[in-house]
$ cat query-v1.pdb   # PDB, C-alpha atoms
ATOM      1  CA  MET A   3     -90.795 -43.485 -67.930
ATOM      2  CA  ASN A   4     -93.093 -41.690 -70.379
ATOM      3  CA  ALA A   5     -91.857 -39.474 -73.214
ATOM      4  CA  ASP A   6     -93.136 -36.234 -71.605
ATOM      5  CA  LEU A   7     -91.254 -36.881 -68.384
ATOM      6  CA  ARG A   8     -88.156 -37.915 -70.293
ATOM      7  CA  ALA A   9     -88.303 -34.663 -72.283
ATOM      8  CA  LEU A  10     -88.849 -32.632 -69.111
ATOM      9  CA  LEU A  11     -85.913 -34.251 -67.339
ATOM     10  CA  MET A  12     -83.642 -33.177 -70.201
ATOM     11  CA  THR A  13     -84.352 -29.566 -69.319
ATOM     12  CA  ILE A  14     -83.852 -29.793 -65.552
ATOM     13  CA  ASP A  15     -80.883 -27.954 -64.091
ATOM     14  CA  TRP A  16     -80.080 -30.141 -61.107
ATOM     15  CA  ASP A  17     -77.561 -27.572 -59.878
ATOM     16  CA  VAL A  18     -80.564 -25.368 -59.116
ATOM     17  CA  MET A  19     -83.147 -28.029 -58.299
ATOM     18  CA  THR A  20     -80.915 -29.825 -55.770
ATOM     19  CA  PRO A  21     -80.106 -26.820 -53.513
ATOM     20  CA  LYS A  22     -83.793 -25.834 -53.555
ATOM     21  CA  LEU A  23     -84.805 -29.318 -52.439
ATOM     22  CA  LEU A  24     -82.114 -29.291 -49.778
ATOM     23  CA  ALA A  25     -83.273 -25.917 -48.445
ATOM     24  CA  TYR A  26     -86.877 -27.129 -48.430
ATOM     25  CA  ALA A  27     -85.954 -30.346 -46.583
ATOM     26  CA  SER A  28     -84.022 -28.338 -43.986
ATOM     27  CA  TYR A  29     -86.989 -26.018 -43.494
ATOM     28  CA  ARG A  30     -89.440 -28.903 -43.107
ATOM     29  CA  ILE A  31     -87.252 -30.757 -40.619
ATOM     30  CA  ALA A  32     -87.108 -27.592 -38.531
ATOM     31  CA  ARG A  33     -90.915 -27.321 -38.766
ATOM     32  CA  PHE A  34     -91.386 -30.991 -37.802
ATOM     33  CA  GLY A  35     -89.046 -30.473 -34.846
ATOM     34  CA  GLY A  36     -86.601 -33.098 -36.115
ATOM     35  CA  GLY A  37     -83.499 -33.799 -34.051
ATOM     36  CA  ALA A  38     -79.862 -34.126 -35.025
ATOM     37  CA  ALA A  39     -80.296 -37.693 -36.327
ATOM     38  CA  ILE A  40     -82.963 -36.557 -38.802
ATOM     39  CA  ARG A  41     -80.985 -33.474 -39.824
ATOM     40  CA  GLN A  42     -77.990 -35.654 -40.625
ATOM     41  CA  LYS A  43     -80.107 -37.379 -43.270
ATOM     42  CA  ILE A  44     -81.179 -34.246 -45.187
ATOM     43  CA  SER A  45     -79.043 -35.098 -48.179
ATOM     44  CA  ASP A  46     -80.341 -38.702 -48.144
ATOM     45  CA  TYR A  47     -83.966 -37.509 -48.307
ATOM     46  CA  VAL A  48     -83.241 -35.401 -51.394
ATOM     47  CA  GLN A  49     -81.349 -38.211 -53.128
ATOM     48  CA  GLU A  50     -84.019 -40.773 -52.266
ATOM     49  CA  ALA A  51     -86.800 -38.549 -53.648
ATOM     50  CA  ILE A  52     -84.931 -38.174 -56.957
ATOM     51  CA  LYS A  53     -84.222 -41.904 -57.052
ATOM     52  CA  LEU A  54     -87.891 -42.755 -56.488
ATOM     53  CA  LEU A  55     -88.868 -40.431 -59.338
ATOM     54  CA  PHE A  56     -86.485 -42.100 -61.783
ATOM     55  CA  GLU A  57     -87.353 -45.580 -60.636
ATOM     56  CA  GLY A  58     -91.009 -44.841 -61.257
ATOM     57  CA  THR A  59     -91.909 -45.816 -57.690
ATOM     58  CA  ARG A  60     -93.665 -42.469 -57.491
ATOM     59  CA  ARG A  61     -95.466 -41.423 -60.650
ATOM     60  CA  PHE A  62     -95.382 -37.840 -61.865
ATOM     61  CA  GLU A  63     -96.867 -35.681 -64.621
ATOM     62  CA  GLY A  64     -96.500 -31.927 -65.161
ATOM     63  CA  ASP A  65     -94.002 -29.129 -65.753
ATOM     64  CA  GLU A  66     -90.767 -28.188 -63.957
ATOM     65  CA  GLU A  67     -92.493 -26.393 -61.107
ATOM     66  CA  ALA A  68     -94.855 -29.333 -60.693
ATOM     67  CA  LEU A  69     -91.824 -31.595 -60.578
ATOM     68  CA  PHE A  70     -90.317 -29.500 -57.784
ATOM     69  CA  ARG A  71     -93.607 -29.627 -55.866
ATOM     70  CA  PHE A  72     -93.788 -33.364 -56.435
ATOM     71  CA  LEU A  73     -90.245 -33.935 -55.152
ATOM     72  CA  CYS A  74     -90.978 -31.731 -52.122
ATOM     73  CA  GLY A  75     -93.967 -33.970 -51.377
ATOM     74  CA  VAL A  76     -91.790 -37.078 -51.539
ATOM     75  CA  VAL A  77     -89.165 -35.440 -49.300
ATOM     76  CA  ASP A  78     -91.950 -34.569 -46.844
ATOM     77  CA  SER A  79     -93.222 -38.106 -46.710
ATOM     78  CA  LEU A  80     -89.706 -39.535 -46.210
ATOM     79  CA  ILE A  81     -89.039 -37.118 -43.337
ATOM     80  CA  SER A  82     -92.427 -37.765 -41.782
ATOM     81  CA  HIS A  83     -91.863 -41.534 -41.985
ATOM     82  CA  ASP A  84     -88.531 -41.219 -40.145
ATOM     83  CA  MET A  85     -90.017 -38.858 -37.578
ATOM     84  CA  ASP A  86     -92.762 -41.398 -36.803
ATOM     85  CA  LYS A  87     -90.164 -44.116 -36.453
ATOM     86  CA  THR A  88     -88.107 -41.958 -34.087
ATOM     87  CA  ARG A  89     -91.193 -41.135 -32.011
ATOM     88  CA  ARG A  90     -92.113 -44.833 -31.774
ATOM     89  CA  ARG A  91     -88.575 -45.665 -30.746
ATOM     90  CA  GLY A  92     -88.662 -42.998 -28.047
ATOM     91  CA  LYS A  93     -91.992 -44.375 -26.816
ATOM     92  CA  HIS A  94     -90.636 -47.918 -26.669
ATOM     93  CA  LEU A  95     -87.489 -46.869 -24.887
ATOM     94  CA  SER A  96     -89.468 -44.959 -22.305
ATOM     95  CA  LEU A  97     -91.857 -47.908 -21.894
ATOM     96  CA  ALA A  98     -88.926 -50.234 -21.313
ATOM     97  CA  HIS A  99     -87.514 -47.705 -18.857
ATOM     98  CA  SER A 100     -90.676 -47.528 -16.810
ATOM     99  CA  ARG A 101     -91.709 -51.184 -16.896
ATOM    100  CA  SER A 102     -89.823 -54.344 -17.598
ATOM    101  CA  ASP A 103     -92.728 -56.778 -17.268
ATOM    102  CA  ASP A 104     -94.226 -58.985 -19.968
ATOM    103  CA  ALA A 105     -97.163 -56.600 -20.420
ATOM    104  CA  ALA A 106     -94.788 -53.832 -21.480
ATOM    105  CA  GLN A 107     -93.176 -56.164 -23.986
ATOM    106  CA  ASP A 108     -96.617 -57.182 -25.274
ATOM    107  CA  GLU A 109     -97.482 -53.523 -25.709
ATOM    108  CA  ILE A 110     -94.338 -52.939 -27.756
ATOM    109  CA  TYR A 111     -95.066 -56.020 -29.841
ATOM    110  CA  ALA A 112     -98.653 -54.906 -30.464
ATOM    111  CA  ASP A 113     -97.403 -51.503 -31.554
ATOM    112  CA  LEU A 114     -94.936 -53.116 -33.939
ATOM    113  CA  LEU A 115     -97.751 -55.131 -35.460
ATOM    114  CA  THR A 116    -100.141 -52.239 -35.862
ATOM    115  CA  SER A 117     -97.831 -49.645 -37.336
ATOM    116  CA  PRO A 118     -96.787 -51.058 -40.670
ATOM    117  CA  ASP A 119     -95.471 -48.712 -43.353
ATOM    118  CA  ASP A 120     -96.401 -51.083 -46.116
ATOM    119  CA  PRO A 121     -99.062 -53.490 -44.821
ATOM    120  CA  GLU A 122     -98.510 -56.106 -47.498
ATOM    121  CA  GLU A 123     -94.749 -56.207 -47.217
ATOM    122  CA  ASP A 124     -94.947 -55.880 -43.456
ATOM    123  CA  LEU A 125     -97.247 -58.860 -43.145
ATOM    124  CA  VAL A 126     -94.549 -61.120 -44.597
ATOM    125  CA  LEU A 127     -91.858 -59.530 -42.459
ATOM    126  CA  ARG A 128     -94.003 -59.674 -39.325
ATOM    127  CA  ASN A 129     -94.837 -63.327 -39.917
ATOM    128  CA  ARG A 130     -91.170 -64.154 -40.380
ATOM    129  CA  PHE A 131     -90.248 -62.103 -37.342
ATOM    130  CA  GLY A 132     -92.957 -63.805 -35.274
ATOM    131  CA  ALA A 133     -91.697 -67.230 -36.364
ATOM    132  CA  PHE A 134     -88.139 -66.260 -35.505
ATOM    133  CA  LEU A 135     -89.239 -65.026 -32.064
ATOM    134  CA  SER A 136     -91.077 -68.296 -31.412
ATOM    135  CA  SER A 137     -87.926 -70.209 -32.274
ATOM    136  CA  LEU A 138     -86.047 -68.580 -29.394
ATOM    137  CA  GLU A 139     -86.473 -70.814 -26.346
ATOM    138  CA  ASN A 140     -84.644 -68.437 -24.059
ATOM    139  CA  ARG A 141     -87.195 -65.958 -22.679
ATOM    140  CA  GLY A 142     -84.625 -63.239 -22.004
ATOM    141  CA  LEU A 143     -83.258 -63.458 -25.508
ATOM    142  CA  ARG A 144     -86.778 -63.422 -26.946
ATOM    143  CA  ARG A 145     -87.602 -60.249 -25.051
ATOM    144  CA  TYR A 146     -84.350 -58.702 -26.138
ATOM    145  CA  ALA A 147     -85.030 -59.566 -29.807
ATOM    146  CA  LEU A 148     -88.379 -57.837 -29.512
ATOM    147  CA  GLN A 149     -86.851 -54.756 -27.932
ATOM    148  CA  ARG A 150     -84.127 -54.672 -30.585
ATOM    149  CA  ALA A 151     -86.742 -54.789 -33.361
ATOM    150  CA  ALA A 152     -88.896 -52.122 -31.727
ATOM    151  CA  ASP A 153     -85.951 -49.819 -31.238
ATOM    152  CA  ASP A 154     -84.480 -50.202 -34.681
ATOM    153  CA  GLY A 155     -81.511 -47.869 -34.858
ATOM    154  CA  ALA A 156     -81.001 -47.570 -31.092
ATOM    155  CA  THR A 157     -77.379 -47.651 -29.975
ATOM    156  CA  SER A 158     -76.094 -50.322 -27.596
ATOM    157  CA  GLU A 159     -75.775 -47.615 -24.945
ATOM    158  CA  GLU A 160     -79.429 -46.564 -25.358
ATOM    159  CA  LEU A 161     -80.619 -50.164 -25.166
ATOM    160  CA  ALA A 162     -78.460 -50.886 -22.127
ATOM    161  CA  ASP A 163     -79.926 -47.833 -20.454
ATOM    162  CA  ALA A 164     -83.514 -48.752 -21.392
ATOM    163  CA  LEU A 165     -83.137 -52.346 -20.242
ATOM    164  CA  SER A 166     -81.120 -51.489 -17.132
ATOM    165  CA  THR A 167     -78.204 -53.649 -18.123
ATOM    166  CA  SER A 168     -74.621 -53.195 -19.238
ATOM    167  CA  VAL A 169     -73.419 -52.410 -22.734
ATOM    168  CA  GLU A 170     -71.398 -55.632 -22.585
ATOM    169  CA  ASP A 171     -74.640 -57.590 -21.955
ATOM    170  CA  ILE A 172     -76.253 -55.917 -24.958
ATOM    171  CA  ARG A 173     -73.289 -56.823 -27.165
ATOM    172  CA  ASN A 174     -73.403 -60.413 -25.931
ATOM    173  CA  MET A 175     -77.107 -60.658 -26.702
ATOM    174  CA  ASP A 176     -76.530 -59.144 -30.157
ATOM    175  CA  ARG A 177     -73.897 -61.822 -30.816
ATOM    176  CA  ARG A 178     -76.279 -64.568 -29.633
ATOM    177  CA  LEU A 179     -79.088 -63.171 -31.788
ATOM    178  CA  ARG A 180     -76.849 -63.033 -34.851
ATOM    179  CA  ARG A 181     -75.865 -66.676 -34.280
ATOM    180  CA  ARG A 182     -79.518 -67.699 -33.900
ATOM    181  CA  ARG A 183     -80.530 -65.803 -37.033
ATOM    182  CA  ALA A 184     -77.756 -67.486 -38.989
ATOM    183  CA  GLN A 185     -78.929 -70.915 -37.749
ATOM    184  CA  TRP A 186     -82.601 -70.170 -38.361
TER     185      TRP A 186
ATOM    186  CA  MET B   5    -104.101 -23.454 -52.212
ATOM    187  CA  SER B   6    -102.962 -24.872 -48.876
ATOM    188  CA  ASN B   7    -100.304 -23.327 -46.657
ATOM    189  CA  LEU B   8     -97.883 -26.085 -47.519
ATOM    190  CA  GLU B   9     -98.360 -25.515 -51.229
ATOM    191  CA  ASP B  10     -97.751 -21.791 -50.670
ATOM    192  CA  GLU B  11     -94.582 -22.575 -48.750
ATOM    193  CA  ILE B  12     -93.305 -24.842 -51.502
ATOM    194  CA  GLY B  13     -94.135 -22.093 -54.000
ATOM    195  CA  GLU B  14     -91.972 -19.666 -52.012
ATOM    196  CA  PHE B  15     -89.005 -22.011 -52.279
ATOM    197  CA  TRP B  16     -89.656 -22.452 -55.974
ATOM    198  CA  ASN B  17     -89.678 -18.687 -56.525
ATOM    199  CA  LYS B  18     -86.503 -17.995 -54.557
ATOM    200  CA  SER B  19     -83.372 -17.186 -56.513
ATOM    201  CA  ILE B  20     -80.401 -19.520 -56.209
ATOM    202  CA  GLU B  21     -78.603 -16.775 -54.227
ATOM    203  CA  GLU B  22     -81.429 -16.675 -51.678
ATOM    204  CA  ILE B  23     -81.397 -20.464 -51.453
ATOM    205  CA  GLU B  24     -77.638 -20.501 -50.913
ATOM    206  CA  LYS B  25     -78.068 -17.910 -48.169
ATOM    207  CA  ASP B  26     -80.732 -20.118 -46.505
ATOM    208  CA  LEU B  27     -78.419 -23.104 -46.679
ATOM    209  CA  ARG B  28     -75.487 -21.163 -45.227
ATOM    210  CA  GLU B  29     -77.688 -19.981 -42.359
ATOM    211  CA  ALA B  30     -78.771 -23.575 -41.720
ATOM    212  CA  GLY B  31     -75.101 -24.635 -41.707
ATOM    213  CA  LEU B  32     -75.556 -26.872 -44.740
ATOM    214  CA  ASP B  33     -72.956 -27.460 -47.428
ATOM    215  CA  VAL B  34     -74.721 -28.129 -50.731
ATOM    216  CA  GLN B  35     -71.644 -29.468 -52.529
ATOM    217  CA  PRO B  36     -71.706 -33.063 -51.164
ATOM    218  CA  THR B  37     -75.386 -33.389 -52.111
ATOM    219  CA  LEU B  38     -74.754 -32.010 -55.613
ATOM    220  CA  GLU B  39     -71.973 -34.538 -56.056
ATOM    221  CA  ALA B  40     -74.142 -37.375 -54.705
ATOM    222  CA  VAL B  41     -77.029 -36.429 -57.014
ATOM    223  CA  GLY B  42     -74.568 -36.292 -59.915
ATOM    224  CA  ARG B  43     -73.363 -39.805 -59.063
ATOM    225  CA  LEU B  44     -76.961 -41.010 -58.689
ATOM    226  CA  LEU B  45     -77.953 -39.623 -62.102
ATOM    227  CA  ARG B  46     -74.885 -41.135 -63.735
ATOM    228  CA  ARG B  47     -75.717 -44.500 -62.162
ATOM    229  CA  LEU B  48     -79.331 -44.250 -63.363
ATOM    230  CA  HIS B  49     -78.020 -43.281 -66.781
ATOM    231  CA  HIS B  50     -75.966 -46.485 -66.890
ATOM    232  CA  LEU B  51     -79.046 -48.456 -65.879
ATOM    233  CA  GLY B  52     -80.901 -46.893 -68.797
ATOM    234  CA  ARG B  53     -83.351 -45.047 -66.589
ATOM    235  CA  VAL B  54     -82.048 -41.606 -67.541
ATOM    236  CA  ILE B  55     -80.993 -40.528 -70.980
ATOM    237  CA  VAL B  56     -79.171 -37.426 -69.778
ATOM    238  CA  ILE B  57     -76.675 -36.646 -67.078
ATOM    239  CA  GLY B  58     -77.316 -33.618 -64.955
ATOM    240  CA  ALA B  59     -76.055 -31.981 -61.823
ATOM    241  CA  HIS B  60     -72.764 -30.741 -60.568
ATOM    242  CA  GLY B  61     -71.596 -28.048 -62.888
ATOM    243  CA  MET B  62     -73.818 -28.409 -65.896
ATOM    244  CA  THR B  63     -77.459 -28.635 -66.745
ATOM    245  CA  ALA B  64     -79.015 -31.819 -67.998
ATOM    246  CA  GLY B  65     -79.719 -30.190 -71.362
ATOM    247  CA  SER B  66     -76.206 -28.863 -71.900
ATOM    248  CA  LYS B  67     -74.652 -32.196 -70.967
ATOM    249  CA  ALA B  68     -76.959 -34.020 -73.339
ATOM    250  CA  ALA B  69     -76.052 -31.625 -76.128
TER     251      ALA B  69
END

$ encode --input "query-v1.pdb" --output "structure tokens"
Amino acid sequence: MNADLRALLMTIDWDVMTPKLLAYASYRIARFGGGAAIRQKISDYVQEAIKLLFEGTRRFEGDEEALFRFLCGVVDSLISHDMDKTRRRGKHLSLAHSRSDDAAQDEIYADLLTSPDDPEEDLVLRNRFGAFLSSLENRGLRRYALQRAADDGATSEELADALSTSVEDIRNMDRRLRRRRAQW
Amino acid sequence: MSNLEDEIGEFWNKSIEEIEKDLREAGLDVQPTLEAVGRLLRRLHHLGRVIVIGAHGMTAGSKAA
């Protein structure tokens, strides 16, 4: 952290800055058309933006107003990232609803591979995920693992609905996947 | 200046009373976030990333003093 930023941060009244960021985040979520799940994370977006500033993950230079604008930009990008993820999840769930063939699964997989947030980090994760998938001999379990990854954050009920199976089946497959991951 | 920059400017220029009114209308309680930010800043302070502690009841400057 440079000396200018350090000096600026000494003057910030977070009791004023924080509510302003919260109000801005709420306004932007409404503008983006975010649902209840996104709204529940308003406080997290504000905290994460502040954390990123202090960690130096996002660099900043300027005065107090510039700092507010900067933090608003970070909040925006965090919300937008989650909104994209939610939209992808909705798309995958509806794809699984409409078709349960291999082509649908391939489409989901292709989408997973082409929508990285951080290409470099994702490449490692995708390679590991691909290797893990290949290690699953059971085709049903492999398809389920793919669906689970595509619908990160989906509840067991949502997955059961999308895959036309019971919640108990989903829980069983989750247990099997956890065992396989532990062995892998 | 873009629309978004104008919008951010409006939030920046609002008084704390106006902001609190906005938050009440949105059904948001600011207190838990203030407390969480306070905890975050204290944690960062311990990690040596912040030399002052701000939020929740006092400004960064007054706490440092």

$ resolve_selection --input "query-v1.pdb" --expression "the ChimeraX specification (/B :<7) & /A" --output "PyMOL selection string"
chain A and resi 12-18+20-22+25-26+45+49+56+71

$ closest_residue --input "query-v1.pdb" --among "A:Ala184, A:Asp65, A:Gly75, A:Arg150" --to "Ala9 (chain A)" --atoms "only C-alpha atoms"
A:Asp65

$ resolve_selection --input "query-v1.pdb" --expression "the PyMOL selection byres ((chain A and resi 173) around 12)" --output "VMD selection string"
chain A and resid 146 150 157 to 159 161 to 162 167 to 172 174 to 180

$ atom_distance --input "query-v1.pdb" --atom1 "CA of Glu66 (chain A)" --atom2 "CA of Leu11 (chain A)"
8.5 Å

$ atom_distance --input "query-v1.pdb" --atom1 "CA of Ser28 (chain A)" --atom2 "CA of Leu55 (chain A)"
20.1 Å

$ atom_distance --input "query-v1.pdb" --atom1 "CA of Leu69 (chain A)" --atom2 "CA of Val48 (chain A)"
13.1 Å

$ residues_around --input "query-v1.pdb" --residues "region 38-40 of chain A" --least-positions-apart "6" --cutoff "9 Å" --atoms "only C-alpha atoms" --output "list of chain:residue names"
A:Ile31, A:Ile81, A:Asp84, A:Met85, A:Thr88
